[in-house]
file query-v3.cif (mmCIF, C-alpha atoms)
data_my_file
#
loop_
_atom_site.group_PDB
_atom_site.id
_atom_site.type_symbol
_atom_site.label_atom_id
_atom_site.label_comp_id
_atom_site.auth_asym_id
_atom_site.auth_seq_id
_atom_site.Cartn_x
_atom_site.Cartn_y
_atom_site.Cartn_z
ATOM 1 C CA MET A 1 0.000 0.000 0.000
ATOM 2 C CA ARG A 2 2.702 2.373 0.965
ATOM 3 C CA SER A 3 4.705 1.726 -2.156
ATOM 4 C CA LEU A 4 1.570 2.380 -4.161
ATOM 5 C CA VAL A 5 1.234 5.753 -2.490
ATOM 6 C CA ARG A 6 4.871 6.389 -3.243
ATOM 7 C CA LEU A 7 4.371 5.429 -6.859
ATOM 8 C CA SER A 8 1.416 7.735 -7.272
ATOM 9 C CA ALA A 9 3.402 10.506 -5.648
ATOM 10 C CA GLU A 10 6.083 9.672 -8.174
ATOM 11 C CA GLY A 11 3.525 10.176 -10.910
ATOM 12 C CA GLU A 12 3.278 13.860 -10.057
ATOM 13 C CA GLY A 13 6.677 13.992 -11.573
ATOM 14 C CA PHE A 14 9.942 15.725 -11.330
ATOM 15 C CA VAL A 15 9.924 19.475 -11.779
ATOM 16 C CA PRO A 16 13.013 20.093 -13.896
ATOM 17 C CA PRO A 17 15.078 23.156 -13.045
ATOM 18 C CA SER A 18 14.385 26.056 -15.370
ATOM 19 C CA SER A 19 15.359 29.673 -15.841
ATOM 20 C CA ASN A 20 12.911 30.479 -13.048
ATOM 21 C CA ASP A 21 15.434 29.056 -10.614
ATOM 22 C CA PHE A 22 17.650 32.023 -11.432
ATOM 23 C CA ASN A 23 15.062 34.587 -10.308
ATOM 24 C CA LEU A 24 15.780 34.645 -6.608
ATOM 25 C CA PRO A 25 13.342 36.423 -4.293
ATOM 26 C CA PRO A 26 14.418 39.639 -2.532
ATOM 27 C CA ILE A 27 15.724 39.113 0.973
ATOM 28 C CA PHE A 28 14.407 42.356 2.481
ATOM 29 C CA GLY A 29 10.975 43.666 1.546
ATOM 30 C CA GLU A 30 9.527 43.959 -1.942
ATOM 31 C CA ASN A 31 12.244 45.290 -4.191
ATOM 32 C CA ALA A 32 14.632 43.999 -6.800
ATOM 33 C CA TYR A 33 17.780 45.314 -5.116
ATOM 34 C CA THR A 34 18.296 42.966 -2.213
ATOM 35 C CA THR A 35 18.520 39.601 -3.956
ATOM 36 C CA LYS A 36 21.199 37.032 -3.224
ATOM 37 C CA PRO A 37 23.430 37.814 -6.258
ATOM 38 C CA ILE A 38 23.672 41.472 -5.227
ATOM 39 C CA PHE A 39 24.860 40.562 -1.749
ATOM 40 C CA MET A 40 27.243 38.003 -3.197
ATOM 41 C CA VAL A 41 28.810 40.624 -5.459
ATOM 42 C CA PHE A 42 29.340 42.941 -2.486
ATOM 43 C CA PHE A 43 30.682 40.043 -0.460
ATOM 44 C CA SER A 44 33.122 39.153 -3.245
ATOM 45 C CA VAL A 45 34.473 42.704 -3.280
ATOM 46 C CA ILE A 46 35.046 42.588 0.492
ATOM 47 C CA LEU A 47 36.619 39.142 0.211
ATOM 48 C CA ILE A 48 39.005 40.145 -2.588
ATOM 49 C CA SER A 49 40.010 43.348 -0.776
ATOM 50 C CA VAL A 50 40.665 41.590 2.515
ATOM 51 C CA PHE A 51 42.636 38.827 0.816
ATOM 52 C CA PHE A 52 44.936 41.080 -1.156
ATOM 53 C CA ILE A 53 45.418 43.599 1.658
ATOM 54 C CA ALA A 54 46.345 40.748 3.991
ATOM 55 C CA ALA A 55 48.603 39.251 1.329
ATOM 56 C CA SER A 56 50.490 42.470 0.642
ATOM 57 C CA ARG A 57 50.567 44.137 4.070
ATOM 58 C CA LYS A 58 53.521 42.321 5.531
ATOM 59 C CA ALA A 59 55.469 42.023 2.322
ATOM 60 C CA ALA A 60 58.771 40.300 2.957
ATOM 61 C CA ILE A 61 61.700 39.138 0.859
ATOM 62 C CA VAL A 62 60.935 35.586 1.886
ATOM 63 C CA PRO A 63 57.184 35.550 1.254
ATOM 64 C CA SER A 64 54.660 33.886 3.507
ATOM 65 C CA LYS A 65 52.233 31.431 1.941
ATOM 66 C CA LEU A 66 49.536 34.094 1.775
ATOM 67 C CA GLN A 67 51.835 36.622 0.164
ATOM 68 C CA PHE A 68 52.995 34.009 -2.306
ATOM 69 C CA ALA A 69 49.414 33.203 -3.295
ATOM 70 C CA GLY A 70 48.505 36.854 -3.763
ATOM 71 C CA GLU A 71 51.644 37.608 -5.748
ATOM 72 C CA SER A 72 51.174 34.567 -7.989
ATOM 73 C CA ILE A 73 47.721 35.761 -9.066
ATOM 74 C CA TYR A 74 48.986 39.285 -9.593
ATOM 75 C CA ALA A 75 52.033 38.103 -11.528
ATOM 76 C CA PHE A 76 49.851 35.892 -13.705
ATOM 77 C CA VAL A 77 47.584 38.775 -14.725
ATOM 78 C CA ARG A 78 50.448 41.230 -15.132
ATOM 79 C CA ASN A 79 52.874 39.042 -17.044
ATOM 80 C CA ASP A 80 50.815 36.463 -18.889
ATOM 81 C CA LEU A 81 47.820 38.635 -19.715
ATOM 82 C CA ALA A 82 48.816 42.297 -19.721
ATOM 83 C CA ARG A 83 52.479 42.291 -20.738
ATOM 84 C CA ASP A 84 52.400 39.517 -23.316
ATOM 85 C CA VAL A 85 49.309 40.873 -25.051
ATOM 86 C CA ILE A 86 49.479 44.660 -24.784
ATOM 87 C CA GLY A 87 53.231 45.231 -24.990
ATOM 88 C CA HIS A 88 55.277 48.087 -23.603
ATOM 89 C CA GLU A 89 52.351 50.264 -22.438
ATOM 90 C CA PHE A 90 50.821 47.465 -20.402
ATOM 91 C CA MET A 91 51.311 48.869 -16.897
ATOM 92 C CA ARG A 92 48.454 51.387 -17.297
ATOM 93 C CA PHE A 93 45.939 48.599 -17.788
ATOM 94 C CA VAL A 94 47.089 46.141 -15.143
ATOM 95 C CA PRO A 95 44.794 47.576 -12.411
ATOM 96 C CA TYR A 96 41.712 47.185 -14.577
ATOM 97 C CA LEU A 97 42.636 43.733 -15.874
ATOM 98 C CA PHE A 98 43.547 42.544 -12.393
ATOM 99 C CA THR A 99 40.278 43.813 -10.919
ATOM 100 C CA LEU A 100 38.315 42.252 -13.741
ATOM 101 C CA PHE A 101 40.017 38.883 -13.415
ATOM 102 C CA THR A 102 39.740 38.556 -9.646
ATOM 103 C CA PHE A 103 36.166 39.871 -9.604
ATOM 104 C CA ILE A 104 34.896 37.472 -12.270
ATOM 105 C CA LEU A 105 36.893 34.557 -10.887
ATOM 106 C CA THR A 106 35.601 35.018 -7.335
ATOM 107 C CA ASN A 107 31.999 35.429 -8.401
ATOM 108 C CA ASN A 108 32.221 32.421 -10.707
ATOM 109 C CA ILE A 109 33.709 30.207 -8.028
ATOM 110 C CA PHE A 110 30.903 31.245 -5.676
ATOM 111 C CA GLY A 111 28.821 29.027 -7.943
ATOM 112 C CA ILE A 112 30.305 25.896 -6.392
ATOM 113 C CA VAL A 113 31.085 27.121 -2.864
ATOM 114 C CA PRO A 114 28.686 25.379 -0.461
ATOM 115 C CA LEU A 115 25.920 27.643 0.916
ATOM 116 C CA LEU A 116 26.644 30.402 -1.605
ATOM 117 C CA GLN A 117 26.233 28.182 -4.666
ATOM 118 C CA PHE A 118 25.077 30.751 -7.152
ATOM 119 C CA PRO A 119 27.213 32.340 -9.865
ATOM 120 C CA ALA A 120 26.223 36.013 -10.005
ATOM 121 C CA MET A 121 27.342 36.104 -13.641
ATOM 122 C CA SER A 122 24.427 33.856 -14.562
ATOM 123 C CA ARG A 123 22.283 36.982 -14.194
ATOM 124 C CA VAL A 124 22.949 38.644 -17.516
ATOM 125 C CA SER A 125 23.097 42.236 -16.228
ATOM 126 C CA PHE A 126 26.413 41.661 -14.464
ATOM 127 C CA PRO A 127 28.306 40.528 -17.599
ATOM 128 C CA TYR A 128 26.608 43.334 -19.559
ATOM 129 C CA VAL A 129 27.987 45.949 -17.193
ATOM 130 C CA LEU A 130 31.482 44.430 -17.312
ATOM 131 C CA ALA A 131 31.370 44.332 -21.120
ATOM 132 C CA VAL A 132 30.269 47.994 -21.196
ATOM 133 C CA PHE A 133 33.321 48.898 -19.090
ATOM 134 C CA THR A 134 35.612 47.030 -21.490
ATOM 135 C CA PHE A 135 33.836 48.538 -24.499
ATOM 136 C CA VAL A 136 34.223 52.102 -23.243
ATOM 137 C CA ILE A 137 37.833 51.548 -22.197
ATOM 138 C CA PHE A 138 39.138 50.061 -25.422
ATOM 139 C CA HIS A 139 37.434 52.634 -27.636
ATOM 140 C CA TYR A 140 38.531 55.469 -25.374
ATOM 141 C CA VAL A 141 42.116 54.218 -25.429
ATOM 142 C CA GLY A 142 42.058 53.947 -29.211
ATOM 143 C CA ILE A 143 40.576 57.411 -29.685
ATOM 144 C CA ARG A 144 43.026 58.975 -27.242
ATOM 145 C CA LYS A 145 45.958 57.308 -28.940
ATOM 146 C CA GLN A 146 45.094 57.887 -32.598
ATOM 147 C CA GLY A 147 42.448 60.612 -32.647
ATOM 148 C CA LEU A 148 38.788 60.006 -33.415
ATOM 149 C CA GLY A 149 38.998 60.329 -37.201
ATOM 150 C CA LYS A 150 42.044 58.143 -37.647
ATOM 151 C CA TYR A 151 40.742 55.529 -35.228
ATOM 152 C CA LEU A 152 37.421 55.210 -37.046
ATOM 153 C CA LYS A 153 39.171 55.201 -40.412
ATOM 154 C CA GLU A 154 41.408 52.344 -39.264
ATOM 155 C CA ILE A 155 38.369 50.371 -38.202
ATOM 156 C CA MET A 156 36.260 51.096 -41.265
ATOM 157 C CA PHE A 157 38.683 50.987 -44.165
ATOM 158 C CA MET A 158 40.988 48.038 -44.555
ATOM 159 C CA PRO A 159 43.893 49.094 -46.790
ATOM 160 C CA GLY A 160 44.483 47.490 -50.164
ATOM 161 C CA VAL A 161 40.909 46.955 -51.258
ATOM 162 C CA PRO A 162 39.179 48.419 -54.328
ATOM 163 C CA LYS A 163 36.817 51.215 -53.270
ATOM 164 C CA PRO A 164 33.427 49.652 -54.182
ATOM 165 C CA VAL A 165 34.159 46.639 -51.955
ATOM 166 C CA TYR A 166 34.041 48.913 -48.914
ATOM 167 C CA ILE A 167 30.260 48.938 -49.255
ATOM 168 C CA LEU A 168 30.372 45.253 -48.326
ATOM 169 C CA LEU A 169 33.163 45.324 -45.769
ATOM 170 C CA THR A 170 32.707 48.549 -43.786
ATOM 171 C CA PRO A 171 29.351 47.576 -42.223
ATOM 172 C CA ILE A 172 30.857 44.267 -41.117
ATOM 173 C CA GLU A 173 33.824 45.997 -39.500
ATOM 174 C CA LEU A 174 31.559 48.468 -37.730
ATOM 175 C CA ALA A 175 29.213 45.729 -36.533
ATOM 176 C CA THR A 176 32.185 43.740 -35.264
ATOM 177 C CA PHE A 177 33.723 46.556 -33.270
ATOM 178 C CA PHE A 178 30.597 48.200 -31.883
ATOM 179 C CA LEU A 179 28.097 45.377 -31.522
ATOM 180 C CA VAL A 180 29.446 41.855 -31.803
ATOM 181 C CA ARG A 181 32.486 42.351 -29.579
ATOM 182 C CA PRO A 182 30.704 43.564 -26.426
ATOM 183 C CA LEU A 183 27.781 41.209 -27.022
ATOM 184 C CA THR A 184 29.840 38.048 -27.462
ATOM 185 C CA LEU A 185 32.061 39.067 -24.558
ATOM 186 C CA SER A 186 29.162 39.319 -22.112
ATOM 187 C CA LEU A 187 27.012 36.517 -23.509
ATOM 188 C CA ARG A 188 29.891 34.033 -23.482
ATOM 189 C CA LEU A 189 30.399 34.563 -19.759
ATOM 190 C CA PHE A 190 26.681 34.636 -19.014
ATOM 191 C CA ALA A 191 25.834 31.516 -21.026
ATOM 192 C CA ASN A 192 28.663 29.477 -19.540
ATOM 193 C CA MET A 193 27.687 30.337 -15.986
ATOM 194 C CA PHE A 194 23.980 29.881 -16.660
ATOM 195 C CA ALA A 195 24.402 26.510 -18.349
ATOM 196 C CA GLY A 196 26.845 25.276 -15.716
ATOM 197 C CA HIS A 197 24.538 26.146 -12.849
ATOM 198 C CA LEU A 198 21.571 24.573 -14.614
ATOM 199 C CA LEU A 199 23.544 21.394 -15.228
ATOM 200 C CA LEU A 200 24.461 21.097 -11.558
ATOM 201 C CA LEU A 201 20.833 21.741 -10.597
ATOM 202 C CA VAL A 202 19.633 18.963 -12.893
ATOM 203 C CA PHE A 203 21.951 16.335 -11.456
ATOM 204 C CA ILE A 204 21.737 17.275 -7.780
ATOM 205 C CA MET A 205 17.984 17.880 -7.735
ATOM 206 C CA GLY A 206 17.466 14.822 -9.907
ATOM 207 C CA GLY A 207 19.491 12.690 -7.508
ATOM 208 C CA ASP A 208 17.472 14.044 -4.618
ATOM 209 C CA HIS A 209 14.224 13.251 -6.393
ATOM 210 C CA LEU A 210 15.344 9.734 -7.273
ATOM 211 C CA LEU A 211 16.256 9.152 -3.638
ATOM 212 C CA LYS A 212 12.644 9.838 -2.648
ATOM 213 C CA GLY A 213 11.326 7.381 -5.253
ATOM 214 C CA VAL A 214 10.805 3.608 -5.115
ATOM 215 C CA ILE A 215 13.679 1.267 -4.275
ATOM 216 C CA GLY A 216 14.769 0.848 -7.910
ATOM 217 C CA LEU A 217 15.103 4.569 -8.283
ATOM 218 C CA LYS A 218 16.926 4.883 -4.963
ATOM 219 C CA LEU A 219 19.618 2.584 -6.363
ATOM 220 C CA VAL A 220 20.172 4.846 -9.353
ATOM 221 C CA SER A 221 20.340 8.021 -7.340
ATOM 222 C CA PRO A 222 24.022 7.684 -6.255
ATOM 223 C CA PHE A 223 25.014 7.787 -9.918
ATOM 224 C CA ALA A 224 23.212 11.095 -10.346
ATOM 225 C CA PHE A 225 24.984 12.487 -7.281
ATOM 226 C CA ALA A 226 28.339 11.151 -8.469
ATOM 227 C CA PHE A 227 27.796 12.861 -11.797
ATOM 228 C CA GLY A 228 26.859 16.023 -9.958
ATOM 229 C CA ILE A 229 30.108 15.921 -7.999
ATOM 230 C CA GLY A 230 32.140 15.202 -11.141
ATOM 231 C CA LEU A 231 30.455 18.079 -12.921
ATOM 232 C CA THR A 232 31.252 20.354 -9.994
ATOM 233 C CA PHE A 233 34.960 19.822 -10.668
ATOM 234 C CA PHE A 234 34.328 20.383 -14.357
ATOM 235 C CA GLU A 235 32.469 23.579 -13.469
ATOM 236 C CA PHE A 236 35.456 24.783 -11.476
ATOM 237 C CA MET A 237 37.562 24.462 -14.620
ATOM 238 C CA VAL A 238 34.988 26.308 -16.740
ATOM 239 C CA GLN A 239 34.703 29.074 -14.148
ATOM 240 C CA CYS A 240 38.453 29.718 -14.129
ATOM 241 C CA LEU A 241 38.603 29.501 -17.913
ATOM 242 C CA GLN A 242 35.800 32.006 -18.420
ATOM 243 C CA ALA A 243 37.404 34.529 -16.059
ATOM 244 C CA TYR A 244 40.642 34.082 -18.006
ATOM 245 C CA ILE A 245 39.006 34.449 -21.421
ATOM 246 C CA PHE A 246 37.094 37.584 -20.452
ATOM 247 C CA THR A 247 40.304 39.225 -19.220
ATOM 248 C CA LEU A 248 42.341 37.980 -22.172
ATOM 249 C CA LEU A 249 39.860 39.349 -24.706
ATOM 250 C CA THR A 250 39.747 42.690 -22.910
ATOM 251 C CA ALA A 251 43.534 42.837 -23.139
ATOM 252 C CA LEU A 252 43.417 41.843 -26.811
ATOM 253 C CA TYR A 253 40.872 44.565 -27.622
ATOM 254 C CA ILE A 254 42.966 47.178 -25.812
ATOM 255 C CA ALA A 255 46.058 45.966 -27.672
ATOM 256 C CA GLY A 256 44.183 46.223 -30.976
ATOM 257 C CA ALA A 257 43.046 49.762 -30.208
ATOM 258 C CA LEU A 258 46.597 50.789 -29.295
ATOM 259 C CA ALA A 259 48.218 49.289 -32.388
ATOM 260 C CA ASP A 260 48.900 51.797 -35.135
ATOM 261 C CA GLU A 261 47.696 49.500 -37.830
ATOM 262 C CA HIS A 262 46.075 46.137 -37.954
ATOM 263 C CA MET B 1 50.000 31.581 -28.861
ATOM 264 C CA LYS B 2 48.371 34.886 -27.919
ATOM 265 C CA ARG B 3 48.413 35.915 -31.580
ATOM 266 C CA GLU B 4 46.669 32.730 -32.592
ATOM 267 C CA GLU B 5 44.076 33.235 -29.900
ATOM 268 C CA ASN B 6 43.545 36.766 -31.098
ATOM 269 C CA ALA B 7 43.059 35.526 -34.648
ATOM 270 C CA LEU B 8 40.637 32.851 -33.497
ATOM 271 C CA TRP B 9 38.292 35.260 -31.695
ATOM 272 C CA SER B 10 38.580 37.950 -34.363
ATOM 273 C CA ILE B 11 37.672 35.491 -37.100
ATOM 274 C CA PHE B 12 34.710 34.280 -35.092
ATOM 275 C CA GLY B 13 33.598 37.888 -34.588
ATOM 276 C CA TYR B 14 33.908 38.734 -38.278
ATOM 277 C CA LEU B 15 31.968 35.688 -39.446
ATOM 278 C CA LEU B 16 29.226 36.390 -36.943
ATOM 279 C CA SER B 17 28.873 40.068 -37.756
ATOM 280 C CA GLY B 18 28.986 39.417 -41.509
ATOM 281 C CA LEU B 19 26.108 36.994 -41.203
ATOM 282 C CA LEU B 20 24.221 39.250 -38.801
ATOM 283 C CA PHE B 21 24.559 42.449 -40.793
ATOM 284 C CA TRP B 22 23.994 41.273 -44.366
ATOM 285 C CA GLY B 23 21.557 38.597 -43.257
ATOM 286 C CA GLY B 24 19.684 41.320 -41.400
ATOM 287 C CA VAL B 25 19.684 43.523 -44.500
ATOM 288 C CA GLY B 26 18.357 40.635 -46.592
ATOM 289 C CA TRP B 27 15.675 39.835 -44.042
ATOM 290 C CA GLY B 28 14.631 43.490 -43.872
ATOM 291 C CA LEU B 29 14.398 43.757 -47.660
ATOM 292 C CA ASP B 30 12.442 40.510 -47.740
ATOM 293 C CA SER B 31 9.786 41.733 -45.377
ATOM 294 C CA TRP B 32 9.693 45.117 -47.124
ATOM 295 C CA LEU B 33 9.431 43.815 -50.684
ATOM 296 C CA GLY B 34 7.504 40.656 -49.846
ATOM 297 C CA THR B 35 10.108 38.361 -51.405
ATOM 298 C CA SER B 36 11.675 35.337 -49.761
ATOM 299 C CA TYR B 37 15.081 34.762 -51.361
ATOM 300 C CA LEU B 38 16.890 37.923 -50.238
ATOM 301 C CA LEU B 39 17.583 36.563 -46.744
ATOM 302 C CA LEU B 40 19.513 33.660 -48.226
ATOM 303 C CA LEU B 41 21.284 36.019 -50.623
ATOM 304 C CA GLY B 42 22.162 38.340 -47.739
ATOM 305 C CA LEU B 43 23.547 35.478 -45.648
ATOM 306 C CA LEU B 44 25.684 34.282 -48.557
ATOM 307 C CA VAL B 45 26.955 37.784 -49.300
ATOM 308 C CA GLY B 46 27.717 38.327 -45.609
ATOM 309 C CA MET B 47 29.555 35.022 -45.361
ATOM 310 C CA GLY B 48 31.572 35.760 -48.487
ATOM 311 C CA ALA B 49 32.401 39.299 -47.411
ATOM 312 C CA SER B 50 33.514 38.238 -43.928
ATOM 313 C CA LEU B 51 35.650 35.438 -45.329
ATOM 314 C CA TYR B 52 37.252 37.985 -47.647
ATOM 315 C CA LEU B 53 37.820 40.271 -44.660
ATOM 316 C CA VAL B 54 39.391 37.437 -42.684
ATOM 317 C CA TRP B 55 41.680 36.711 -45.608
ATOM 318 C CA LEU B 56 42.597 40.401 -45.897
ATOM 319 C CA ARG B 57 43.475 40.631 -42.237
ATOM 320 C CA PHE B 58 45.124 37.307 -41.539
ATOM 321 C CA GLY B 59 45.937 35.650 -44.828
ATOM 322 C CA ARG B 60 47.948 38.264 -46.639
ATOM 323 C CA GLU B 61 51.196 38.169 -44.689
#

call {"tool": "encode", "arguments": {"input": "query-v3.cif", "output": "structure tokens"}}
result
Amino acid sequence: MRSLVRLSAEGEGFVPPSSNDFNLPPIFGENAYTTKPIFMVFFSVILISVFFIAASRKAAIVPSKLQFAGESIYAFVRNDLARDVIGHEFMRFVPYLFTLFTFILTNNIFGIVPLLQFPAMSRVSFPYVLAVFTFVIFHYVGIRKQGLGKYLKEIMFMPGVPKPVYILLTPIELATFFLVRPLTLSLRLFANMFAGHLLLLVFIMGGDHLLKGVIGLKLVSPFAFAFGIGLTFFEFMVQCLQAYIFTLLTALYIAGALADEH
Amino acid sequence: MKREENALWSIFGYLLSGLLFWGGVGWGLDSWLGTSYLLLLGLLVGMGASLYLVWLRFGRE
């Protein structure tokens, strides 16, 4: 009898996770400004500040473990991202690139930290804002360096092409620089975080649901959980990679705007 | 390696914006003139033009 009840309860079915799971309710009152992602973003800023202040405060010739960790991250962004990509003017952009990298990385990793477990970047407004920053910076740098007219001319008119062909090519160049670049930059980060979180939800919630089912389903449930755990490690990789790619592309765009010719 | 990565993302961007822009133009003309083949034509033109652009930027050296 009991198993029959269980089976009929089973019939009501599994509610698969959907995009609704990303709309978290406000914590205080009835407004859109006190949701969990907002607090997590503020928390990440505090966390990053505390970590790097602690890591750099007692700087010594023989570094402590904390100092070593902080300096490794900084050296990675400065040498491997900024210097190798941008070239001799790179020092100006290190603060921005470093902030961007640590901010995205921390918020991404929050997606798999127990209790936090939500990547803020899976709400599309956060990547949009970051992409707008990058967009403004790389165009501003290009215009400052080359002047507005020359900068636009470099973008619009590829040298060595017969004039009528520009009708075909110039719109593509303009669309690339002013539309596709910021859009792909933000959507790549957003989609990766969104899909990753959804994937984890499917396996963990699915495993939980199977565990509440009949005995046959209970036996399958560990596999779902095992997959969920495996995917968590995979997610960690994706989260680091996406933070890296966002910063790398920002550096590449700045380098392109600084270069005298393509 | 950084150069190759740059080329990879730039090429992706060009192909996408070529398709988007000229495909969009074709689609707009289609719905304006009531035809149905201009979208395909626009996509092909966009693809061709962005491939040409990619060749101009990365294939000439």

call {"tool": "residues_around", "arguments": {"input": "query-v3.cif", "residues": "stretch 47-58 of chain B", "least_positions_apart": "3", "cutoff": "6 Å", "atoms": "all atoms listed in the file", "output": "short mmCIF file (atom, residue, chain, number, x, y, z; two decimals) with C-alpha atoms, in the coordinates of the input"}}
result
data_model
loop_
_atom_site.label_atom_id
_atom_site.label_comp_id
_atom_site.auth_asym_id
_atom_site.auth_seq_id
_atom_site.Cartn_x
_atom_site.Cartn_y
_atom_site.Cartn_z
CA TYR B 14 33.91 38.73 -38.28
CA LEU B 15 31.97 35.69 -39.45
CA GLY B 18 28.99 39.42 -41.51
CA LEU B 19 26.11 36.99 -41.20
CA LEU B 44 25.68 34.28 -48.56
#

call {"tool": "resolve_selection", "arguments": {"input": "query-v3.cif", "expression": "the PyMOL selection byres ((chain A) within 9 of (chain B))", "output": "number ranges by chain"}}
result
A: 84-85, 158-161, 165, 168-169, 171-177, 179-181, 184, 248-249, 252-253, 262

call {"tool": "residues_around", "arguments": {"input": "query-v3.cif", "residues": "stretch 102-113 of chain A", "least_positions_apart": "2", "cutoff": "7 Å", "atoms": "all atoms listed in the file", "output": "count of residues only"}}
result
17

call {"tool": "resolve_selection", "arguments": {"input": "query-v3.cif", "expression": "the PyMOL selection byres ((chain A and resi 191-195) around 8)", "output": "MDAnalysis selection string"}}
result
chainID A and resid 108 119 121:123 187:190 196:199 238:239 242

call {"tool": "residues_around", "arguments": {"input": "query-v3.cif", "residues": "A:Val77", "least_positions_apart": "5", "cutoff": "8 Å", "atoms": "all atoms listed in the file", "output": "list in words"}}
result
Ala82, Val94, Leu97, Phe98 and Phe101 of chain A
